[in-house]
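In what follows, a structure is listed as structure tokens, so that the remarks can point back to it.
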Amino acid sequence: MRAPARRPARWRPAGYLFLLPALSVLVLFFLAAMAVLLSFSFERFVGGRFLPGTTTGNFTTFLGGHYYWNVIATTVKLGAVTTLLCALIGYPTAYALNAIRRPLVRNLCYFALFAPLLTSVIVRSYGWSLLLGDHGFINQVLLSLHTVRTPVPMLYEFSGVVIALVHILLPFMVFPVVSVLGQLDPVLELASADLGASRLQTFLRVTLPLTVQGLVVGCELVFALSISAFATPSLLGGGRVQVLPALIYNEVGGLNWPLAAVESYALLVLALAVIGIFTLLLRGPVARSRGAT
Amino acid sequence: MTSSGHRVLGLVLGAVAVFMLAPIAIVVVNSFNSVPYGAWPPPGYSLRWYVNLSQQTDFADAAVRSLVVGAVATALALVAGTLASLALIRFRFPGKAAINGLLLAPMIVPRVAIGMAAFTLFVRVHVYGTLWTLMIAHTALILPFAVTIISGALLRVRPELEQAAQDLGASPARAFLTVALPQLRRALVAAAVLSFVVSFDEVDASIFMVSQADPTLPVAMYNYMQKYQDPTLAALSTILVAATLLLAVLLLRSFGVSGFAEMVERPRGQPVIPGEADV
Amino acid sequence: GGTGASRTVSSSSGGKLPKGPVTVTMFVFLGGDLGKMPKAFAQDYMSRHPNVKIEIYEDSNTVGYPKMLAAKQTTPNQPLVNFGFFNAQTTAQGILDGMWNRLDYNAMPNVKDVLPIFRRDDRYGIGIGSDQLGLVYNTRLISPAPTSWTDLWDPKYRGKVTFFDYYWYPVYIAAKMNGGGLQNMQPGWDFWKAHAKQIRTIVTSNPQYLDVLSNGTAPLTSYFNGTALQWKGGGAPLEYVPPREGAISVPVYLQSVQGNTSDQNEVVTDIINQMLSPKWNQQWAVTSVEVPANQKVQLPDTMRSLPAFQRSTVEKLQTVDWTVVARNNADWRQKWDQDIKANI
Amino acid sequence: MASDVVERREAAEAAAAPDAELVGVTKVYDDGTLAVDDVTLRVARGEFFAILGPSGCGKSTTLRMIAGLERPTRGEIYIRGEPMNRRPAHRRPTNMVFQQLALFPHLDVAQNIAYGLRLKRLPGHEVRRRVDEALDLVQLTGLGTRRIHQLSGGQQQRVAIARALVVEPAVLLLDEPLGSLDLKLRLQLQEALGAIQRRTSTTFVYVTHDQGEALRMSDRIAIMNRGRVVQVGRPAELYEAPRTRFAATFLGDTNLFDGRVVAQGMFESEGLRLRVPPGSGVAVSVRPEQVRIVDGDGLPNTFGGHVDEVVYLGSHTRYVVALDAGRKVTTLEPNGRPSRHLAKGDRVTVGWEIDAQVLLQE
Amino acid sequence: MASDVVERREAAEAAAAPDAELVGVTKVYDDGTLAVDDVTLRVARGEFFAILGPSGCGKSTTLRMIAGLERPTRGEIYIRGEPMNRRPAHRRPTNMVFQQLALFPHLDVAQNIAYGLRLKRLPGHEVRRRVDEALDLVQLTGLGTRRIHQLSGGQQQRVAIARALVVEPAVLLLDEPLGSLDLKLRLQLQEALGAIQRRTSTTFVYVTHDQGEALRMSDRIAIMNRGRVVQVGRPAELYEAPRTRFAATFLGDTNLFDGRVVAQGMFESEGLRLRVPPGSGVAVSVRPEQVRIVDGDGLPNTFGGHVDEVVYLGSHTRYVVALDAGRKVTTLEPNGRPSRHLAKGDRVTVGWEIDAQVLLQE
Ligand SMILES: Nc1ncnc2c1ncn2[C@@H]1O[C@H](COP(=O)(O)OP(=O)(O)OP(=O)(O)O)[C@@H](O)[C@H]1O
Ligand SMILES: Nc1ncnc2c1ncn2[C@@H]1O[C@H](COP(=O)(O)OP(=O)(O)OP(=O)(O)O)[C@@H](O)[C@H]1O
Ligand SMILES: [Mg+2]
Ligand SMILES: [Mg+2]
């Protein structure tokens, strides 16, 4: 499905050559690290100390405890909700960014999207706590307007985590979509309009199908990042939102590296599985959107 | 688009901008807080945290270090990522799916775990604490962003233009560089920007990989936060944000039209649906 | 270069030190002003011993110790640090991991002035001071001041309490009050599971902790005297009270790390000894707001007037067996996640 | 065909409101290019109206403005009497066959053609029926499931035609719709389009660069140049009575004699004296097919010369004759007639009738 | 012009190795479409070789294979005697004018044209000179700094031509290069191309759907149908002596009489008896311009009938005459001659010479 139409097949073997730089970096660092992690996963950590010999106990502990399955559920749920919201907000944003022509406005928008990425997660969350907190800005407004009697708990809840994640991951949705929107030939939108399609119809029937690739990329990025996010859930989840990465973080601190390793691999498998399914589902549309080639 | 049409787009952008900037605004306001703890509204205002920041000399070094690491890693990731994308999109070869997954992995495995393992690794091969290891590490960590974004855009590049270039005598490589890359302009910028900030913001793994003696900016901030709990970091963040805004404005000036946006905008004057006037 | 590591530092008396150049790395707490005294000391010591170079490794125990352990597992003879400050729990953990050298108290003249509770029968390190852990509350939002551990689960503070992420102390207290103890924490876990709703939020970073307490999200917690005072000093409306049942004493130890060369051990022993001298011990006590180990130390009145330093408080201090804590830490961590956090 | 051309024309002129009307329409592009310059046109309902003009003269721009894909800088556009300037493209009763086709790459051939119909919420079977009809019409039967990039240039163009046709709009705008088709297919599709147009009495505004096509198919033709309309009229009118040099030379090949009327019915040009019809003018135009190679001089205008160039054109041969007076004259001789086969250099006499000539005003 | 067509042809035939040669070349696309079917062609050096054929018959595919943009499924391609199959596009001495233009949207007009030259490492001023020349040649002087999407269809096409021309390759492949240009400009560019071809003696392989163009410009023409080459020959040859029904009907308009030879020089078709030249065949073809409307019957083949359709074609009028015998015959009458203006229904007699007829073999 991926080799574009009308491309001489003869350079195919070169594929590996092109992968060389990327793979060497990964092997040099990432795979090596993952190997170490794997070796950890078989070590015996009992009563707060490492014992000689190896075990598969860490795996059984993890897969056995239904607590872990709850955590996995929360993790996936968090990832799914965040990704969905990012897509819903991010695509229109990208579309608008692509449509406006006044450079100043566009630059300011890019800046707005970009700025949060420059503030460390600690500082950001601290901004959120002042916004969403029980005594935060929003609640104070609500109270002063007598719309509510007691503060609405937004912070230290699932909702708070989602808001913060969407906030910081939105650029990872917008930028890929914008980049693909830029490759769309505007005359197609004109043709659609000419054939009687309203803006919305044109969007749904031409623009979206032809830029679905950007959306897919955005979703992959956002999902991967949101299910592996540690700081935001633990800072804004107030302990109520227990996700795998936070668990892993604690295990590392608590010296229980074997379990941390197992959990890391679990998360990796989980994410790859979800993304795999996701791309499988979208194979059709994406392939079609490539008729362009 | 009808005027109502772009009123809607305007609203979307406005809303998003507010949403994105609100917490930042709070942070900025809070950096002028007179008390060390965050409270809304701040009990009083002062510059003490900026003063304090100016005394934290090590932040400057850390910032430079982060910039260097970020720049190098981004450059490496872009090159390696573009080549990898080419392989994934343009060639058919066994094991592609696996490699695809492998290229995504560093983005998924929690950084803490990677960092922990990496530390062990580095110590074992006696390279712990060197800057280049950090660069390679960051390259690996941001590679997924480059690959995903670039290959996504590469899917939509029209090969007939490259064929035309080759017909005119350009080698496939040359044709790609001179004809395909320009079509990938936006994607490359997007990849670069996102990769860089990810590297520039990376703390979970770096904290294990850098020697405490010469930390990167995020690690330095993490350390500071361990020591003192006050809005000095808010002040630092404010300065960072202000700096980028300044940069954006400068680009706006020097590029005449629209700095960053220019790089990612559709070719100027390209037809858009009539009525799609400026927002 | 020396010949490997010896389990016990040579008993050859204090005076003579290696003449050749020696470099030692000192682990220093990352937090508040805890770095001041060690750094000052290092400067002074190096000026007096030109052949000795003291490098500072400043980190939190939570990140630093794992690194040390990883280093030990891969390169046993090149420890990440050679000696330094470690809290009681890390000390105990280190004993499990065979991280420390036994100290030769006899080779350390100042030890004779050290209060007995700061010495260790197993001679794995020696205490330099002790922080304590009680109740911290927001003076604007809570009055009268809390007085007892039981206030943590008093219905009138329901949804007003906060804890740091993974914090076993209140569980231990609850266990003790419900017929359990350090060896048998189950009653504590059950109790807190039932009272989880007391907790408004769990915090994972100190700044967040400070905010949550100060801006009224959760005005009551249990934490260290030292940190509380630092925050108060910064202008936060917070106060520390030792519970009437007695605060928990949390000593800080100086440790010498396995894998040092003998030269390094000589120097380390000498340094530790000198840090215990009244002069330096006093500095430590003041900057960390802790009870000093050396009984010759004279505390300033400002400190002596603090509730934490009242004779009554000091007498009621509870001590815990940190080895038990270290042993069960991993399990407790999971229970904390699964029984408490899952129910707030 | 000619006969019902007449009928249609009359119908058209009878029609109260013109179907499409441009009043002083001007288009200046962002970069300052003046593409269309104060164009005023009235196209009657059911009329087949062709726009002819050199490349870059503003034909496509005009169509795009009628379709609402480009905004006039000045001027008003009316369709069925209603002003269109504020009306977005998708609410105009027009459809366009784009010069650059603009087919949807993510849809297959059938889906492309069905696009407009689906928007009209037609029942599935109805859509399918019409799409199949359209496919047959443009002779792409069976290619419905092909992807666009799997089609040849001409096939793509035919899909574009079908896509616009099926929607059956009030006004159909065709921008060189048959540009890349071979003569045979082009003739067949011309027939088909003509038939459709007569049946549905749709108004066609038809841009083409093929004069034969324009002459053959259209009720009226507008000749554009440099963004302006030079002359509007019926095919024969334009061909036989061009008003300007441009019109005369652009539409068909011609022999131009610049000069002036020296006496009643006498025109002088580069040393040649032509007997012309009464009237004034700055130039005289004689079509090559009007110029004959004669033996004696039985014609009012005859000149001696020798064959300078011979071009074989299948049904005809084109001779360029260099007159003794110096300038060259082109003549078109049918091959059918028992015509002596002339070669370069042969001496000949050429001549033409008085009223074979047209006096041009500018 | 005709004369040096001859010269060139002889030169071409003299040339030892053919410049471009296809031997049993076949192309089957991934989806199984058989686009080119066992094609064998030899194009001589410096020859102007046209490929003519209905839409979708495989013309572009053939060019793309010569250029190396498509790999033949079977067969070999040689240029100047060297086998090309293993040679990537960029190392072949060919350049192509793409039917879909494929201009570089991110470059302006001048940069597009300069692209090939820069690759040749030519000095800047040299590049500029050649680009300006090219711009003048295609009459786009002054538009060098325009972006591609700011050009009209025809202007874009001219940029595509210029881009390929400036590189001055050994073999120039043109895929309907003048497709969307008006007659006048087309003629001028035909002239220009012809001139260049003569000057540089480049080999042109020229795909067009304009028969006049093919007849006028080329030394030889190959007629393709359904992926196969039907007939190759000189223009006059093909027009006057087509071998098959397809060739006869595709190239120019004609009257076909299916039937059989009943006696020496006697052909019978649908109740008509035609006096034909000796020989065999399954059909007879008579070009409309060979059919004359006569008064008496001084011709070997004359038939009565009445005018059924009148189409005005500017220089000519096309009459369709329904013979009494039933079938229809088309005739092309020049308008210049003092010809009585016939109307639909008028009774007439048509006739033609014996050797106006061609016997077709299949
Ligand atoms: N990529 C492709 N995949 C499948 N079939 C194709 C592809 N490209 C072309 N074809 C088919 O191959 C045949 C020949 O195509 P080609 O483009 O050579 O025709 P052509 O002679 O150039 O026609 P035209 O005059 O319309 O351009 C056509 O039937 C077309 O549908
Ligand atoms: N987007 C644009 N920006 C600037 N100038 C343009 C733009 N589009 C077209 N033009 C210019 O406007 C003029 C008219 O263009 P238009 O496409 O209407 O010509 P046309 O009559 O269709 O020519 P052709 O027969 O070659 O298609 C041309 O000179 C062209 O260069
Ligand atoms: Mg046009
Ligand atoms: Mg073609």
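Chain labels A, B, ... are given in the sequence in which chains occur in the structure tokens; within each chain residues are numbered consecutively from 1, and ligands are likewise numbered from 1 in the order shown.
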
TODO: May I ask you to write as a ChimeraX atom specification all residues lying at most 9 Å from ligand 1, with only C-alpha atoms and all ligand atoms counted?
DONE: /A:5-6 /D:143,146-158,180-182 /E:27-36,52-64,99,175-176,207-209,224-227

TODO: Find the residues around His195 in chain C up to 9 Å (only C-alpha atoms counted), leave out those fewer than 4 positions away in its own chain, and share them as JSON, numbers by chain.
DONE: {"C": [153, 158, 190, 191, 199, 340, 343, 344]}

Convert the current residue selection to file output with C-alpha atoms, as a JSON list (two decimals), in the first residue's frame.
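For reference, result.json as written:
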[["chain", "number", "residue", "atom", "x", "y", "z"],
["C", 153, "TRP", "CA", -8.73, 11.54, 60.45],
["C", 158, "ARG", "CA", -12.56, 15.48, 55.90],
["C", 190, "ASP", "CA", -7.36, -1.03, 56.80],
["C", 191, "PHE", "CA", -7.92, 2.08, 58.84],
["C", 199, "ILE", "CA", -7.45, 13.12, 51.74],
["C", 340, "ILE", "CA", -5.18, 4.39, 49.75],
["C", 343, "ASN", "CA", -9.90, 5.09, 47.32],
["C", 344, "ILE", "CA", -9.48, 8.82, 47.77]]

With the cut-off set at 7 Å and counting only C-alpha atoms, tabulate each residue of chain B with an atom at most that distance from an atom of chain E, showing the nearest atom pair and its distance in Å to one decimal, ordered by chain and increasing number, as JSON lines.
{"residue": "B:Glu160", "atom": "CA", "partner": "E:Ala102", "partner_atom": "CA", "distance": 6.5}
{"residue": "B:Leu161", "atom": "CA", "partner": "E:Ala102", "partner_atom": "CA", "distance": 5.4}
{"residue": "B:Gln163", "atom": "CA", "partner": "E:Leu69", "partner_atom": "CA", "distance": 6.6}
{"residue": "B:Ala164", "atom": "CA", "partner": "E:Ala102", "partner_atom": "CA", "distance": 6.4}
{"residue": "B:Gln166", "atom": "CA", "partner": "E:His90", "partner_atom": "CA", "distance": 4.6}
{"residue": "B:Asp167", "atom": "CA", "partner": "E:His90", "partner_atom": "CA", "distance": 5.2}
{"residue": "B:Leu168", "atom": "CA", "partner": "E:Gly116", "partner_atom": "CA", "distance": 5.1}
{"residue": "B:Gly169", "atom": "CA", "partner": "E:His90", "partner_atom": "CA", "distance": 4.1}
{"residue": "B:Ala170", "atom": "CA", "partner": "E:His90", "partner_atom": "CA", "distance": 5.6}
{"residue": "B:Ser171", "atom": "CA", "partner": "E:His90", "partner_atom": "CA", "distance": 5.7}
{"residue": "B:Pro182", "atom": "CA", "partner": "E:His106", "partner_atom": "CA", "distance": 6.8}
{"residue": "B:Gln270", "atom": "CA", "partner": "E:His149", "partner_atom": "CA", "distance": 6.7}

Please write the residues from the selection above to a file, keeping all heavy atoms, as a compact mmCIF listing (two decimals), in the first residue's frame.
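Once written, selection02.txt looks like this:
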# COMPACT_ATOMS: atom_id res chain seq x y z
N GLU B 160 5.19 12.58 -9.55
CA GLU B 160 5.41 12.95 -10.96
C GLU B 160 6.34 14.15 -11.07
O GLU B 160 7.10 14.27 -12.03
CB GLU B 160 4.08 13.24 -11.66
CG GLU B 160 3.29 14.40 -11.10
CD GLU B 160 2.23 13.93 -10.13
OE1 GLU B 160 2.44 12.86 -9.50
OE2 GLU B 160 1.20 14.60 -9.99
N LEU B 161 6.32 15.00 -10.04
CA LEU B 161 7.24 16.14 -10.11
C LEU B 161 8.68 15.67 -10.04
O LEU B 161 9.55 16.12 -10.78
CB LEU B 161 6.94 17.12 -8.98
CG LEU B 161 5.58 17.80 -9.08
CD1 LEU B 161 5.42 18.84 -7.98
CD2 LEU B 161 5.40 18.44 -10.44
N GLN B 163 9.69 12.82 -10.97
CA GLN B 163 9.98 12.18 -12.26
C GLN B 163 10.39 13.23 -13.27
O GLN B 163 11.37 13.06 -14.00
CB GLN B 163 8.75 11.42 -12.75
CG GLN B 163 8.39 10.24 -11.88
CD GLN B 163 7.23 9.46 -12.42
OE1 GLN B 163 6.52 9.90 -13.33
NE2 GLN B 163 7.01 8.29 -11.85
N ALA B 164 9.66 14.34 -13.29
CA ALA B 164 10.01 15.41 -14.22
C ALA B 164 11.45 15.85 -13.98
O ALA B 164 12.25 15.97 -14.90
CB ALA B 164 9.06 16.58 -14.04
N GLN B 166 13.88 14.14 -12.64
CA GLN B 166 14.82 13.11 -13.10
C GLN B 166 14.93 13.14 -14.61
O GLN B 166 16.01 13.01 -15.17
CB GLN B 166 14.36 11.73 -12.64
CG GLN B 166 14.48 11.55 -11.14
CD GLN B 166 14.05 10.17 -10.69
OE1 GLN B 166 14.25 9.17 -11.38
NE2 GLN B 166 13.42 10.12 -9.53
N ASP B 167 13.79 13.35 -15.26
CA ASP B 167 13.82 13.40 -16.72
C ASP B 167 14.73 14.53 -17.19
O ASP B 167 15.40 14.44 -18.21
CB ASP B 167 12.41 13.61 -17.24
CG ASP B 167 12.39 13.71 -18.76
OD1 ASP B 167 12.68 12.69 -19.40
OD2 ASP B 167 12.14 14.82 -19.28
N LEU B 168 14.78 15.61 -16.39
CA LEU B 168 15.63 16.74 -16.77
C LEU B 168 17.08 16.51 -16.36
O LEU B 168 17.91 17.40 -16.49
CB LEU B 168 15.09 18.02 -16.13
CG LEU B 168 13.79 18.54 -16.75
CD1 LEU B 168 13.12 19.55 -15.85
CD2 LEU B 168 14.06 19.14 -18.11
N GLY B 169 17.37 15.34 -15.80
CA GLY B 169 18.77 15.00 -15.55
C GLY B 169 19.15 15.01 -14.08
O GLY B 169 20.33 14.89 -13.76
N ALA B 170 18.19 15.16 -13.20
CA ALA B 170 18.52 15.15 -11.77
C ALA B 170 18.56 13.71 -11.28
O ALA B 170 17.65 12.93 -11.57
CB ALA B 170 17.49 15.94 -10.99
N SER B 171 19.62 13.37 -10.53
CA SER B 171 19.67 12.03 -9.95
C SER B 171 18.50 11.91 -8.97
O SER B 171 17.99 12.92 -8.48
CB SER B 171 20.97 11.85 -9.18
OG SER B 171 20.96 12.74 -8.07
N PRO B 182 11.08 20.71 -0.94
CA PRO B 182 10.25 21.92 -0.85
C PRO B 182 8.79 21.62 -0.56
O PRO B 182 8.14 22.34 0.18
CB PRO B 182 10.42 22.55 -2.24
CG PRO B 182 11.74 22.08 -2.70
CD PRO B 182 11.91 20.69 -2.14
N GLN B 270 -1.46 31.81 -3.72
CA GLN B 270 -2.11 30.61 -4.24
C GLN B 270 -3.62 30.75 -4.04
O GLN B 270 -4.07 31.24 -3.01
CB GLN B 270 -1.59 29.39 -3.48
CG GLN B 270 -2.01 28.08 -4.11
CD GLN B 270 -1.15 26.94 -3.59
OE1 GLN B 270 -0.01 27.15 -3.19
NE2 GLN B 270 -1.69 25.75 -3.57

Open item on the list: Need the shell around range 28-30 of chain B: protein/DNA/RNA residues with any atom at most 8 Å away, counting only C-alpha atoms. Skip same-chain ones fewer than 5 positions apart. Format as a list in words?
Closed with: Gly38, Pro42, Pro231, Ala234, Ala235, Ser237 and Thr238 of chain B

Same residues, C-alpha atoms, output as a CSV table (one decimal), in the first residue's frame:
chain,number,residue,atom,x,y,z
B,38,GLY,CA,1.0,30.4,44.5
B,42,PRO,CA,-1.4,37.1,44.4
B,231,PRO,CA,8.0,31.4,41.7
B,234,ALA,CA,7.8,31.0,37.0
B,235,ALA,CA,10.1,33.9,36.4
B,237,SER,CA,9.5,30.4,32.2
B,238,THR,CA,8.2,33.9,31.7

Task: Proximal residues of chain C relative to chain B (only C-alpha atoms; 7 Å) as a PyMOL selection string - done: chain C and resi 30-32+57-58+70-71+74-75+206-207+210-211+214-215+234-236

Restrict the calculation to only C-alpha atoms, then for each residue of chain A with any atom at most 8 Å from an atom of chain C give the closest atom pair and their distance in Å to one decimal, rows by chain and rising residue number, as a tab-separated table.
residue	atom	partner	partner_atom	distance
A:Gly47	CA	C:Arg327	CA	4.7
A:Gly48	CA	C:Arg327	CA	4.6
A:Arg49	CA	C:Leu96	CA	6.1
A:Phe50	CA	C:Asp97	CA	7.5
A:Tyr67	CA	C:Gln338	CA	6.8
A:Tyr126	CA	C:Gln208	CA	7.0
A:Gly133	CA	C:Thr217	CA	7.3
A:Asp134	CA	C:Thr217	CA	6.2
A:His135	CA	C:Thr217	CA	6.9
A:Tyr156	CA	C:Thr201	CA	6.4
A:Ser234	CA	C:Thr204	CA	6.5
A:Leu235	CA	C:Thr204	CA	5.9
A:Gly238	CA	C:Thr201	CA	4.5
A:Gly239	CA	C:Ile202	CA	5.0
A:Arg240	CA	C:Lys341	CA	6.3
A:Gln242	CA	C:Ala342	CA	7.8
A:Glu251	CA	C:Ala330	CA	7.8
A:Val252	CA	C:Pro66	CA	7.5
A:Gly253	CA	C:Thr62	CA	5.4
A:Gly254	CA	C:Ala330	CA	6.1
A:Leu255	CA	C:Pro66	CA	6.3
A:Asn256	CA	C:Ala330	CA	6.7

Residues from last step as file, N, CA, C and O atoms, as an mmCIF file, in the first residue's frame:
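Result file is selection.cif:
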data_model
loop_
_atom_site.group_PDB
_atom_site.id
_atom_site.type_symbol
_atom_site.label_atom_id
_atom_site.label_comp_id
_atom_site.auth_asym_id
_atom_site.auth_seq_id
_atom_site.Cartn_x
_atom_site.Cartn_y
_atom_site.Cartn_z
ATOM 1 N N GLY A 47 11.861 -8.238 49.540
ATOM 2 C CA GLY A 47 12.140 -7.631 50.841
ATOM 3 C C GLY A 47 13.092 -6.460 50.714
ATOM 4 O O GLY A 47 14.033 -6.310 51.478
ATOM 5 N N GLY A 48 12.891 -5.667 49.645
ATOM 6 C CA GLY A 48 13.652 -4.424 49.521
ATOM 7 C C GLY A 48 15.074 -4.624 49.054
ATOM 8 O O GLY A 48 15.854 -3.694 48.994
ATOM 9 N N ARG A 49 15.452 -5.858 48.689
ATOM 10 C CA ARG A 49 16.825 -6.014 48.193
ATOM 11 C C ARG A 49 16.868 -6.983 47.004
ATOM 12 O O ARG A 49 15.976 -7.793 46.828
ATOM 13 N N PHE A 50 17.912 -6.805 46.198
ATOM 14 C CA PHE A 50 18.092 -7.697 45.056
ATOM 15 C C PHE A 50 18.722 -8.997 45.517
ATOM 16 O O PHE A 50 19.702 -8.988 46.253
ATOM 17 N N TYR A 67 -5.316 -5.061 40.004
ATOM 18 C CA TYR A 67 -5.072 -3.629 40.213
ATOM 19 C C TYR A 67 -4.364 -3.054 38.995
ATOM 20 O O TYR A 67 -4.726 -2.015 38.462
ATOM 21 N N TYR A 126 1.371 24.331 37.791
ATOM 22 C CA TYR A 126 1.165 25.283 38.862
ATOM 23 C C TYR A 126 0.245 26.384 38.347
ATOM 24 O O TYR A 126 -0.709 26.770 39.010
ATOM 25 N N GLY A 133 -8.005 25.319 40.455
ATOM 26 C CA GLY A 133 -8.043 24.934 41.863
ATOM 27 C C GLY A 133 -9.349 25.316 42.536
ATOM 28 O O GLY A 133 -10.116 26.142 42.045
ATOM 29 N N ASP A 134 -9.590 24.685 43.710
ATOM 30 C CA ASP A 134 -10.821 24.979 44.458
ATOM 31 C C ASP A 134 -10.909 26.474 44.739
ATOM 32 O O ASP A 134 -11.983 27.061 44.747
ATOM 33 N N HIS A 135 -9.769 27.088 44.983
ATOM 34 C CA HIS A 135 -9.761 28.528 45.222
ATOM 35 C C HIS A 135 -9.123 29.249 44.039
ATOM 36 O O HIS A 135 -8.645 30.365 44.160
ATOM 37 N N TYR A 156 -7.139 17.912 40.454
ATOM 38 C CA TYR A 156 -6.963 16.657 41.188
ATOM 39 C C TYR A 156 -8.086 15.690 40.874
ATOM 40 O O TYR A 156 -8.569 14.954 41.722
ATOM 41 N N SER A 234 0.427 12.864 37.546
ATOM 42 C CA SER A 234 0.705 12.781 38.984
ATOM 43 C C SER A 234 0.593 14.156 39.630
ATOM 44 O O SER A 234 0.172 14.273 40.773
ATOM 45 N N LEU A 235 0.918 15.223 38.886
ATOM 46 C CA LEU A 235 0.839 16.561 39.485
ATOM 47 C C LEU A 235 -0.604 17.037 39.579
ATOM 48 O O LEU A 235 -0.997 17.682 40.538
ATOM 49 N N GLY A 238 -3.778 14.405 41.487
ATOM 50 C CA GLY A 238 -3.966 14.343 42.940
ATOM 51 C C GLY A 238 -4.051 12.921 43.459
ATOM 52 O O GLY A 238 -4.736 12.643 44.435
ATOM 53 N N GLY A 239 -3.354 11.976 42.767
ATOM 54 C CA GLY A 239 -3.359 10.590 43.233
ATOM 55 C C GLY A 239 -4.592 9.836 42.772
ATOM 56 O O GLY A 239 -4.635 8.615 42.821
ATOM 57 N N ARG A 240 -5.592 10.572 42.257
ATOM 58 C CA ARG A 240 -6.825 9.888 41.828
ATOM 59 C C ARG A 240 -6.667 9.249 40.457
ATOM 60 O O ARG A 240 -7.417 8.351 40.106
ATOM 61 N N GLN A 242 -4.363 7.135 38.479
ATOM 62 C CA GLN A 242 -3.174 6.291 38.525
ATOM 63 C C GLN A 242 -2.920 5.710 37.152
ATOM 64 O O GLN A 242 -3.703 4.902 36.663
ATOM 65 N N GLU A 251 8.153 3.005 41.039
ATOM 66 C CA GLU A 251 8.931 1.773 41.183
ATOM 67 C C GLU A 251 10.423 2.071 41.062
ATOM 68 O O GLU A 251 11.233 1.572 41.830
ATOM 69 N N VAL A 252 10.779 2.926 40.119
ATOM 70 C CA VAL A 252 12.195 3.244 39.934
ATOM 71 C C VAL A 252 12.735 3.866 41.222
ATOM 72 O O VAL A 252 13.763 3.457 41.746
ATOM 73 N N GLY A 253 11.982 4.842 41.744
ATOM 74 C CA GLY A 253 12.410 5.491 42.987
ATOM 75 C C GLY A 253 12.490 4.477 44.117
ATOM 76 O O GLY A 253 13.387 4.523 44.963
ATOM 77 N N GLY A 254 11.540 3.509 44.096
ATOM 78 C CA GLY A 254 11.477 2.529 45.178
ATOM 79 C C GLY A 254 12.391 1.347 44.922
ATOM 80 O O GLY A 254 12.268 0.319 45.569
ATOM 81 N N LEU A 255 13.288 1.493 43.969
ATOM 82 C CA LEU A 255 14.301 0.470 43.660
ATOM 83 C C LEU A 255 13.721 -0.802 43.070
ATOM 84 O O LEU A 255 14.435 -1.743 42.776
ATOM 85 N N ASN A 256 12.384 -0.863 42.899
ATOM 86 C CA ASN A 256 11.807 -2.086 42.344
ATOM 87 C C ASN A 256 11.909 -2.047 40.826
ATOM 88 O O ASN A 256 10.913 -2.053 40.114
#

- [ ] Identify every residue of chain A that has at least one atom within 12 Å of any atom of chain D, counting only C-alpha atoms, and report the result as a PyMOL selection string.
- [x] chain A and resi 4-6+184-202+204-212+284-293

Task: Every residue of range 94-224 of chain B that DSSP places in helix (DSSP H, G or I), as a ChimeraX atom specification - done: /B:96-107,111-124,131-154,159-167,172-201,206-209,217-224

TODO: Rank nothing, just name the residue among D:Leu272, D:Val166, D:Ile113, D:Ile51 nearest to ligand 3, using only C-alpha atoms and all ligand atoms.
DONE: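 That would be D:Ile51, the residue with the smallest distance to ligand 3.
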
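With distances taken over only C-alpha atoms, B:Val157 is the one residue among B:Ala71, B:Val179, B:Val157, B:Leu47 lying closest to chain A.
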